[in-house]
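Before any comments, here is the structure.
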Amino acid sequence: MVLVAGMIPTPGEAPRDWWANTGYREAVREQAARDGGATGNEDPYVSFYHDVPRELAEQALSKERAHPSEAAMNAPWPLEAWPDVPTHFVLCDQDRFFPPAFFRRLVPERLHIVPDEIAAAHCVALSRPKELADLLEGYATSRR
């Protein structure tokens, strides 16, 4: 299993509770104080797509939908524990949505692994697709 810049729930935790339970808002405030407000910025071109070519970012934004639903935000994570399978976490070291320092703390706490880091922002699949694919291929190759 590979999580790429993703939320890491605990058993029974609803997404609406995740933000407070993890200390996310404080982590964003701390990083925003260091980077002049780029982290947590309301402008998606600043917070999500700052390393994505503008035309591609515009295409991505044009395909967004309203999510998550209220029902999804309130539904507790249904598993009793994380699956006992090889697990990796890809931390984007230029992420302005999920501050890197936040995940450097949270990944070991919740998954008991050290995240792998990639030089990219939150939308790494758009900004660094080859580098991400190489990392994923490396995971698959190491399992063989």
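By convention in this document, the chains of the structure tokens carry letters A, B, ... by their order, each chain's residues are numbered from 1, and ligands are numbered from 1 in the order they are shown.
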Mind running region 16-38 of chain A against region 83-94 of chain A at 12 Å and telling me each contacting residue's nearest atom pair with the distance in Å (one decimal), counting only C-alpha atoms, chain and number ascending, as CSV?
residue,atom,partner,partner_atom,distance
A:Gln31,CA,A:Gln94,CA,11.2
A:Asp35,CA,A:Gln94,CA,11.0
A:Ala38,CA,A:Gln94,CA,10.7
Item to complete: Among the residues of chain A, find those DSSP assigns to strand (DSSP E) from the backbone and print them as number ranges by chain.
Response: A: 2-4, 88-92, 116-118
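Those residues that approach Ala27 (chain A) to within 12 Å, counting only C-alpha atoms, are A:Trp19, A:Ala20, A:Asn21, A:Thr22, A:Gly23, A:Tyr24, A:Arg25, A:Arg29, A:Glu30, A:Gln31, A:Ala32, A:Ala33, A:Arg34, A:Thr39, A:Gly40, A:Arg96, A:Phe97, A:Phe98, A:Pro99, A:Pro100, A:Ala101, A:Phe102, A:Phe103, A:Arg104, A:Arg105, A:Leu106; same-chain residues fewer than 2 positions away are not listed.
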Write the residues of the preceding selection, restricted to C-alpha atoms, as a compact mmCIF listing (two decimals), in the first residue's frame.
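In the end it all went to selection-v4.txt:
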# COMPACT_ATOMS: atom_id res chain seq x y z
CA TRP A 19 -7.87 17.76 11.34
CA ALA A 20 -8.11 18.47 15.07
CA ASN A 21 -6.89 15.05 16.19
CA THR A 22 -3.64 15.36 14.23
CA GLY A 23 -2.79 18.97 15.04
CA TYR A 24 -3.08 19.87 11.36
CA ARG A 25 -4.26 23.47 11.81
CA ARG A 29 -0.08 28.04 11.14
CA GLU A 30 3.51 27.29 12.11
CA GLN A 31 4.62 26.65 8.53
CA ALA A 32 2.70 29.68 7.21
CA ALA A 33 4.56 31.85 9.71
CA ARG A 34 7.84 30.56 8.28
CA THR A 39 1.14 27.25 3.34
CA GLY A 40 -2.60 27.17 3.90
CA ARG A 96 1.87 23.72 1.12
CA PHE A 97 -1.30 21.85 2.03
CA PHE A 98 0.18 19.17 4.28
CA PRO A 99 3.32 20.73 5.76
CA PRO A 100 6.30 18.36 5.47
CA ALA A 101 7.16 18.69 9.18
CA PHE A 102 3.59 17.66 10.01
CA PHE A 103 3.90 14.39 8.07
CA ARG A 104 7.42 13.76 9.34
CA ARG A 105 5.77 13.56 12.77
CA LEU A 106 2.41 11.99 11.87
Worksheet item: Which polymer residues have any atom within 12 Å of an atom of Pro129 (chain A), counting only C-alpha atoms, with same-chain residues fewer than 6 positions away left out, as a VMD selection string?
Response: chain A and resid 51 to 52 118 to 121 123 135 to 137
Residues just named, written with N, CA, C and O atoms as a PDB file, in the first residue's frame:
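Result file is part_30.pdb:
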ATOM      1  N   ASP A  51       3.881  24.114  -8.192  1.00  0.00           N
ATOM      2  CA  ASP A  51       4.956  23.554  -9.022  1.00  0.00           C
ATOM      3  C   ASP A  51       4.420  22.813 -10.244  1.00  0.00           C
ATOM      4  O   ASP A  51       5.146  22.086 -10.910  1.00  0.00           O
ATOM      5  N   VAL A  52       3.145  23.002 -10.535  1.00  0.00           N
ATOM      6  CA  VAL A  52       2.501  22.382 -11.698  1.00  0.00           C
ATOM      7  C   VAL A  52       2.437  23.430 -12.813  1.00  0.00           C
ATOM      8  O   VAL A  52       2.099  24.588 -12.551  1.00  0.00           O
ATOM      9  N   ILE A 118       9.885  13.147  -1.579  1.00  0.00           N
ATOM     10  CA  ILE A 118      10.074  13.467  -2.986  1.00  0.00           C
ATOM     11  C   ILE A 118      10.070  14.988  -3.107  1.00  0.00           C
ATOM     12  O   ILE A 118       9.329  15.676  -2.392  1.00  0.00           O
ATOM     13  N   ALA A 119      10.905  15.510  -3.972  1.00  0.00           N
ATOM     14  CA  ALA A 119      11.014  16.956  -4.181  1.00  0.00           C
ATOM     15  C   ALA A 119       9.847  17.414  -5.056  1.00  0.00           C
ATOM     16  O   ALA A 119       9.936  17.424  -6.276  1.00  0.00           O
ATOM     17  N   ALA A 120       8.758  17.755  -4.389  1.00  0.00           N
ATOM     18  CA  ALA A 120       7.555  18.168  -5.108  1.00  0.00           C
ATOM     19  C   ALA A 120       6.560  18.776  -4.123  1.00  0.00           C
ATOM     20  O   ALA A 120       6.708  18.637  -2.915  1.00  0.00           O
ATOM     21  N   ALA A 121       5.545  19.405  -4.686  1.00  0.00           N
ATOM     22  CA  ALA A 121       4.451  19.944  -3.890  1.00  0.00           C
ATOM     23  C   ALA A 121       3.307  18.925  -3.839  1.00  0.00           C
ATOM     24  O   ALA A 121       3.461  17.778  -4.246  1.00  0.00           O
ATOM     25  N   CYS A 123       0.563  18.224  -5.446  1.00  0.00           N
ATOM     26  CA  CYS A 123       0.057  17.538  -6.641  1.00  0.00           C
ATOM     27  C   CYS A 123       1.205  16.903  -7.419  1.00  0.00           C
ATOM     28  O   CYS A 123       1.378  17.113  -8.620  1.00  0.00           O
ATOM     29  N   LEU A 135       9.627   6.173  -8.180  1.00  0.00           N
ATOM     30  CA  LEU A 135       9.563   5.786  -6.772  1.00  0.00           C
ATOM     31  C   LEU A 135       8.619   4.601  -6.579  1.00  0.00           C
ATOM     32  O   LEU A 135       8.957   3.611  -5.908  1.00  0.00           O
ATOM     33  N   LEU A 136       7.455   4.659  -7.194  1.00  0.00           N
ATOM     34  CA  LEU A 136       6.480   3.568  -7.087  1.00  0.00           C
ATOM     35  C   LEU A 136       7.031   2.278  -7.699  1.00  0.00           C
ATOM     36  O   LEU A 136       6.858   1.188  -7.141  1.00  0.00           O
ATOM     37  N   GLU A 137       7.699   2.405  -8.829  1.00  0.00           N
ATOM     38  CA  GLU A 137       8.308   1.238  -9.453  1.00  0.00           C
ATOM     39  C   GLU A 137       9.376   0.638  -8.536  1.00  0.00           C
ATOM     40  O   GLU A 137       9.522  -0.581  -8.433  1.00  0.00           O
TER      41      GLU A 137
END
Worksheet item: At what distance in Å, to one decimal, does CA of Tyr49 (chain A) lie from CA of Leu61 (chain A)?
Response: 9.3 Å
Item to complete: Find the distance between CA of Leu79 (chain A) and CA of Gly12 (chain A) and write it in Å to one decimal.
Response: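 It comes out at 7.3 Å.
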Practice prompt. May I have the residues within 6 Å of Trp77 (chain A) as number ranges by chain, using only C-alpha atoms and disregarding those fewer than 3 positions away in the same chain?
Written response: A: 11-14
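Running DSSP on the backbone gives helix (DSSP H, G or I) for these residues within region 31-97 of chain A: Gln31, Ala32, Ala33, Arg34, Asp35, Pro44, Tyr45, Val46, Ser47, Arg54, Glu55, Leu56, Ala57, Glu58, Gln59, Ala60, Leu61, Ser62, Glu70, Ala71, Ala72, Met73 and Asn74 of chain A.
Using only C-alpha atoms, the nearest neighbour of Ser62 (chain A) within the list A:Asp17, A:Pro44, A:Thr141, A:Ala5 is A:Pro44.
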